[in-house]
Amino acid sequence: MQNARDRLLLAAAELLQAGGTVSTRAVCERAGVQAPTLYHHFGSKQGLIDAVVNHGFTQYTTVESSGNPLDDLREGWDRHVQFGLEHPSFYGLLYGRVEPGKPCVVTAPAHAALRERFTDAAAQGLLTVPADDAAEQVLAANVGITLTLISQPEPDFGLSERVREAALGGVLHTPSTDAPASRASAALTLRALVGNDPGDLTPGEQALLGELLDRLAR
């Protein structure tokens, strides 16, 4: 049997998905609880909505590491697109809460997940730009193609695949056995490796080395 918190999450999710009015009264009636129960668990109606949105968002950003960053990035892209197509109302809410000059805390998990994947790629010598930059570029492309496919009567998954490969190709490379790594690529790789295992470096030394490697990478 679902507890009151889960029933509230489900009720709000169903109202959001249906495009209905997400009022405190409507949520509580659907969940079979009183308003004080909602406030106890979430503080406010907006707190409940934020919890629902974050729950739905993290459902598809979490990809188990396979040891192959490129495969993981492709899977994450495809799951992102699929989530948007299956939950267009949710997706519109996720990316419709943007304010000029203010990072969106709701969509932050996607950027964090991508940055982690690109850091793994850097450790394998696959990254051509800093992990943060790569995450920003690929996420922007992923969101754009998802919104495009949502608006199409018949989603063009071939278009998604072509945009995906172009976006990944802009930030990744496949190392060649007979071609030396570029200075930027080598700096990015060392940056990722030191970040994972700083050894005996002090925090100050880590910061200084990180700054130097970032300059070389750019």
# chains A, B, ... in the order shown; residues from 1 in each chain; ligands from 1
>>> select_by_dssp(residues="range 24-197 of chain A", states="strand (DSSP E or B)", output="list in words")
Glu99, Lys102, Leu127 and Leu172 of chain A
>>> write_last_selection(atoms="all heavy atoms", output="compact mmCIF listing (two decimals), in the first residue's frame")
# COMPACT_ATOMS: atom_id res chain seq x y z
N GLU A 99 14.49 31.18 -16.29
CA GLU A 99 14.48 32.62 -16.05
C GLU A 99 15.80 33.20 -16.55
O GLU A 99 16.85 32.58 -16.37
CB GLU A 99 14.32 32.92 -14.56
CG GLU A 99 13.02 32.42 -13.96
CD GLU A 99 12.91 32.73 -12.49
OE1 GLU A 99 13.47 33.77 -12.07
OE2 GLU A 99 12.28 31.94 -11.76
N LYS A 102 19.38 33.00 -14.72
CA LYS A 102 19.25 32.18 -13.51
C LYS A 102 19.26 30.72 -13.88
O LYS A 102 18.33 30.22 -14.51
CB LYS A 102 17.95 32.53 -12.77
CG LYS A 102 17.79 31.81 -11.45
CD LYS A 102 16.51 32.25 -10.75
CE LYS A 102 16.34 31.54 -9.42
NZ LYS A 102 15.09 31.95 -8.74
N LEU A 127 38.16 13.25 -24.99
CA LEU A 127 37.52 14.56 -24.97
C LEU A 127 38.38 15.62 -25.65
O LEU A 127 39.60 15.63 -25.50
CB LEU A 127 37.24 14.98 -23.52
CG LEU A 127 36.05 15.90 -23.26
CD1 LEU A 127 34.77 15.28 -23.79
CD2 LEU A 127 35.91 16.17 -21.78
N LEU A 172 34.06 14.92 -28.91
CA LEU A 172 34.82 13.70 -28.69
C LEU A 172 35.65 13.35 -29.92
O LEU A 172 35.32 13.76 -31.03
CB LEU A 172 33.88 12.52 -28.38
CG LEU A 172 33.04 12.60 -27.12
CD1 LEU A 172 31.99 11.49 -27.13
CD2 LEU A 172 33.91 12.48 -25.89
>>> closest_residue(among="A:Arg117, A:Leu212, A:Pro153, A:Asn196", to="Glu64 in chain A", atoms="only C-alpha atoms")
A:Arg117
>>> closest_residue(among="A:Ile145, A:Pro198, A:Arg115, A:Ser23", to="Asp132 in chain A", atoms="only C-alpha atoms")
A:Arg115
>>> closest_residue(among="A:Thr107, A:Thr202, A:Gln17, A:Ser66", to="Asn54 in chain A", atoms="only C-alpha atoms")
A:Thr107
>>> residues_around(residues="Glu29 in chain A", least_positions_apart="2", cutoff="12 Å", atoms="only C-alpha atoms", output="mmCIF file with C-alpha atoms, in the first residue's frame")
data_model
loop_
_atom_site.group_PDB
_atom_site.id
_atom_site.type_symbol
_atom_site.label_atom_id
_atom_site.label_comp_id
_atom_site.auth_asym_id
_atom_site.auth_seq_id
_atom_site.Cartn_x
_atom_site.Cartn_y
_atom_site.Cartn_z
ATOM 1 C CA ALA A 4 0.693 9.414 1.885
ATOM 2 C CA ARG A 7 0.116 9.110 -3.151
ATOM 3 C CA LEU A 8 0.712 12.865 -3.239
ATOM 4 C CA ALA A 11 -1.566 12.553 -7.757
ATOM 5 C CA ALA A 12 0.477 15.616 -8.720
ATOM 6 C CA LEU A 15 -2.535 16.089 -12.857
ATOM 7 C CA VAL A 22 -2.494 21.362 -9.984
ATOM 8 C CA SER A 23 -4.167 23.014 -7.030
ATOM 9 C CA THR A 24 -3.649 21.960 -3.437
ATOM 10 C CA ARG A 25 -7.279 20.901 -3.228
ATOM 11 C CA ALA A 26 -7.165 18.850 -6.437
ATOM 12 C CA VAL A 27 -3.972 17.069 -5.413
ATOM 13 C CA ALA A 31 -4.410 11.456 -3.055
ATOM 14 C CA GLY A 32 -7.087 11.035 -0.371
ATOM 15 C CA VAL A 33 -5.330 13.228 2.191
ATOM 16 C CA GLN A 34 -5.833 16.608 3.833
ATOM 17 C CA ALA A 35 -3.809 19.736 3.039
ATOM 18 C CA THR A 37 -0.368 16.222 5.082
ATOM 19 C CA LEU A 38 0.878 17.834 1.870
#
>>> residues_around(residues="Leu168 in chain A", least_positions_apart="4", cutoff="12 Å", atoms="only C-alpha atoms", output="number ranges by chain")
A: 69-74, 76-77, 114, 117-118, 121, 126-129, 133-142, 161-164, 172-174
>>> write_last_selection(atoms="N, CA and C atoms", output="short mmCIF file (atom, residue, chain, number, x, y, z; two decimals), in the first residue's frame")
data_model
loop_
_atom_site.label_atom_id
_atom_site.label_comp_id
_atom_site.auth_asym_id
_atom_site.auth_seq_id
_atom_site.Cartn_x
_atom_site.Cartn_y
_atom_site.Cartn_z
N PRO A 69 32.29 5.18 -22.29
CA PRO A 69 31.61 6.46 -22.17
C PRO A 69 30.76 6.83 -23.39
N LEU A 70 31.24 6.48 -24.59
CA LEU A 70 30.49 6.83 -25.79
C LEU A 70 29.14 6.11 -25.83
N ASP A 71 29.15 4.82 -25.51
CA ASP A 71 27.90 4.07 -25.47
C ASP A 71 26.96 4.63 -24.41
N ASP A 72 27.51 5.00 -23.25
CA ASP A 72 26.69 5.55 -22.16
C ASP A 72 26.07 6.88 -22.58
N LEU A 73 26.85 7.70 -23.28
CA LEU A 73 26.34 8.99 -23.74
C LEU A 73 25.23 8.81 -24.76
N ARG A 74 25.40 7.87 -25.66
CA ARG A 74 24.35 7.59 -26.64
C ARG A 74 23.08 7.10 -25.96
N GLY A 76 22.15 7.67 -22.86
CA GLY A 76 21.56 8.78 -22.13
C GLY A 76 20.79 9.72 -23.05
N TRP A 77 21.36 10.00 -24.23
CA TRP A 77 20.68 10.85 -25.22
C TRP A 77 19.34 10.24 -25.61
N LEU A 114 25.73 14.43 -17.33
CA LEU A 114 26.55 14.53 -18.54
C LEU A 114 27.99 14.89 -18.22
N ARG A 117 29.78 11.84 -17.21
CA ARG A 117 30.10 10.98 -18.35
C ARG A 117 31.29 11.52 -19.15
N PHE A 118 31.30 12.84 -19.33
CA PHE A 118 32.39 13.43 -20.12
C PHE A 118 33.70 13.41 -19.34
N ALA A 121 35.03 10.16 -20.09
CA ALA A 121 35.58 10.15 -21.45
C ALA A 121 36.95 10.83 -21.49
N LEU A 126 39.40 10.80 -24.71
CA LEU A 126 38.43 10.95 -25.79
C LEU A 126 37.88 12.37 -25.93
N LEU A 127 38.16 13.25 -24.99
CA LEU A 127 37.52 14.56 -24.97
C LEU A 127 38.38 15.62 -25.65
N THR A 128 37.73 16.48 -26.44
CA THR A 128 38.45 17.56 -27.13
C THR A 128 38.17 18.93 -26.54
N VAL A 129 37.20 19.02 -25.62
CA VAL A 129 36.87 20.28 -24.94
C VAL A 129 36.67 19.95 -23.46
N ASP A 133 32.03 22.24 -20.79
CA ASP A 133 31.64 22.74 -22.11
C ASP A 133 30.94 21.64 -22.92
N ALA A 134 31.49 20.44 -22.85
CA ALA A 134 30.90 19.32 -23.59
C ALA A 134 29.48 19.05 -23.10
N ALA A 135 29.29 19.08 -21.78
CA ALA A 135 27.96 18.84 -21.22
C ALA A 135 26.96 19.90 -21.67
N GLU A 136 27.39 21.16 -21.67
CA GLU A 136 26.50 22.25 -22.10
C GLU A 136 26.10 22.07 -23.56
N GLN A 137 27.07 21.77 -24.41
CA GLN A 137 26.80 21.64 -25.85
C GLN A 137 25.86 20.49 -26.15
N VAL A 138 26.14 19.33 -25.56
CA VAL A 138 25.34 18.15 -25.86
C VAL A 138 23.94 18.26 -25.26
N LEU A 139 23.84 18.79 -24.05
CA LEU A 139 22.52 18.95 -23.45
C LEU A 139 21.65 19.91 -24.26
N ALA A 140 22.25 21.00 -24.75
CA ALA A 140 21.49 21.94 -25.57
C ALA A 140 20.96 21.27 -26.82
N ALA A 141 21.79 20.45 -27.45
CA ALA A 141 21.36 19.73 -28.65
C ALA A 141 20.29 18.70 -28.31
N ASN A 142 20.45 18.02 -27.18
CA ASN A 142 19.51 16.98 -26.77
C ASN A 142 18.13 17.58 -26.50
N GLU A 161 19.16 10.65 -34.26
CA GLU A 161 20.44 9.95 -34.32
C GLU A 161 21.50 10.78 -35.02
N ARG A 162 21.12 11.45 -36.10
CA ARG A 162 22.11 12.27 -36.83
C ARG A 162 22.56 13.46 -35.99
N VAL A 163 21.63 14.09 -35.29
CA VAL A 163 21.99 15.23 -34.44
C VAL A 163 22.85 14.74 -33.27
N ARG A 164 22.50 13.57 -32.74
CA ARG A 164 23.27 13.00 -31.63
C ARG A 164 24.73 12.77 -32.03
N LEU A 172 34.06 14.92 -28.91
CA LEU A 172 34.82 13.70 -28.69
C LEU A 172 35.65 13.35 -29.92
N HIS A 173 36.70 12.57 -29.72
CA HIS A 173 37.44 12.02 -30.84
C HIS A 173 37.86 10.61 -30.48
N THR A 174 38.12 9.82 -31.49
CA THR A 174 38.60 8.45 -31.28
C THR A 174 40.10 8.46 -31.45
#
>>> residues_around(residues="Phe57 in chain A", least_positions_apart="2", cutoff="12 Å", atoms="only C-alpha atoms", output="PDB file with C-alpha atoms, in the first residue's frame")
ATOM      1  CA  ASP A  50       9.418  20.415  -7.631  1.00  0.00           C
ATOM      2  CA  ALA A  51       9.686  16.943  -6.093  1.00  0.00           C
ATOM      3  CA  VAL A  52       7.582  15.442  -8.883  1.00  0.00           C
ATOM      4  CA  VAL A  53       9.606  17.156 -11.594  1.00  0.00           C
ATOM      5  CA  ASN A  54      12.926  16.154 -10.064  1.00  0.00           C
ATOM      6  CA  HIS A  55      11.734  12.576  -9.654  1.00  0.00           C
ATOM      7  CA  GLN A  59      14.489   8.697 -13.780  1.00  0.00           C
ATOM      8  CA  TYR A  60      16.062   9.041 -17.207  1.00  0.00           C
ATOM      9  CA  THR A  61      19.347  10.813 -16.485  1.00  0.00           C
ATOM     10  CA  THR A  62      20.688   7.909 -14.438  1.00  0.00           C
ATOM     11  CA  ARG A  79      16.565   7.911 -22.999  1.00  0.00           C
ATOM     12  CA  HIS A  80      16.295  11.699 -22.752  1.00  0.00           C
ATOM     13  CA  VAL A  81      14.452  11.833 -26.087  1.00  0.00           C
ATOM     14  CA  GLN A  82      12.209   8.912 -25.169  1.00  0.00           C
ATOM     15  CA  PHE A  83      11.288  10.480 -21.839  1.00  0.00           C
ATOM     16  CA  GLY A  84      10.293  13.707 -23.574  1.00  0.00           C
ATOM     17  CA  HIS A  87       5.885  12.656 -21.034  1.00  0.00           C
ATOM     18  CA  PHE A  90       6.434  16.884 -17.889  1.00  0.00           C
ATOM     19  CA  TYR A  91       9.100  17.783 -20.393  1.00  0.00           C
ATOM     20  CA  GLY A  92       7.504  21.132 -21.162  1.00  0.00           C
ATOM     21  CA  LEU A  93       7.437  21.869 -17.449  1.00  0.00           C
ATOM     22  CA  LEU A  94      11.050  20.823 -17.021  1.00  0.00           C
ATOM     23  CA  TYR A  95      12.328  23.204 -19.669  1.00  0.00           C
ATOM     24  CA  VAL A 105      17.869  23.912 -10.414  1.00  0.00           C
ATOM     25  CA  VAL A 106      15.285  21.457 -11.761  1.00  0.00           C
ATOM     26  CA  THR A 107      17.293  20.522 -14.859  1.00  0.00           C
ATOM     27  CA  ALA A 108      20.648  20.568 -13.032  1.00  0.00           C
ATOM     28  CA  PRO A 109      20.754  16.746 -12.655  1.00  0.00           C
ATOM     29  CA  ALA A 110      21.019  16.360 -16.440  1.00  0.00           C
ATOM     30  CA  HIS A 111      24.042  18.630 -16.624  1.00  0.00           C
ATOM     31  CA  ALA A 113      25.082  13.442 -15.212  1.00  0.00           C
TER      32      ALA A 113
END
>>> closest_residue(among="A:Ile49, A:Leu188, A:Ala123, A:Leu85", to="Asp214 in chain A", atoms="only C-alpha atoms")
A:Leu188
>>> select_by_dssp(residues="range 4-208 of chain A", states="helix (DSSP H, G or I)", output="number ranges by chain")
A: 4-18, 24-31, 35-42, 45-61, 69-86, 88-94, 108-123, 131-151, 157-169, 183-196, 203-208
>>> closest_residue(among="A:Gly96, A:Gly144, A:Gly195, A:Pro130", to="Ala217 in chain A", atoms="only C-alpha atoms")
A:Pro130
>>> closest_residue(among="A:Ala187, A:Leu149, A:Leu213, A:Val63", to="Glu116 in chain A", atoms="only C-alpha atoms")
A:Val63
>>> atom_distance(atom1="CA of His40 in chain A", atom2="CA of Ala13 in chain A")
18.4 Å
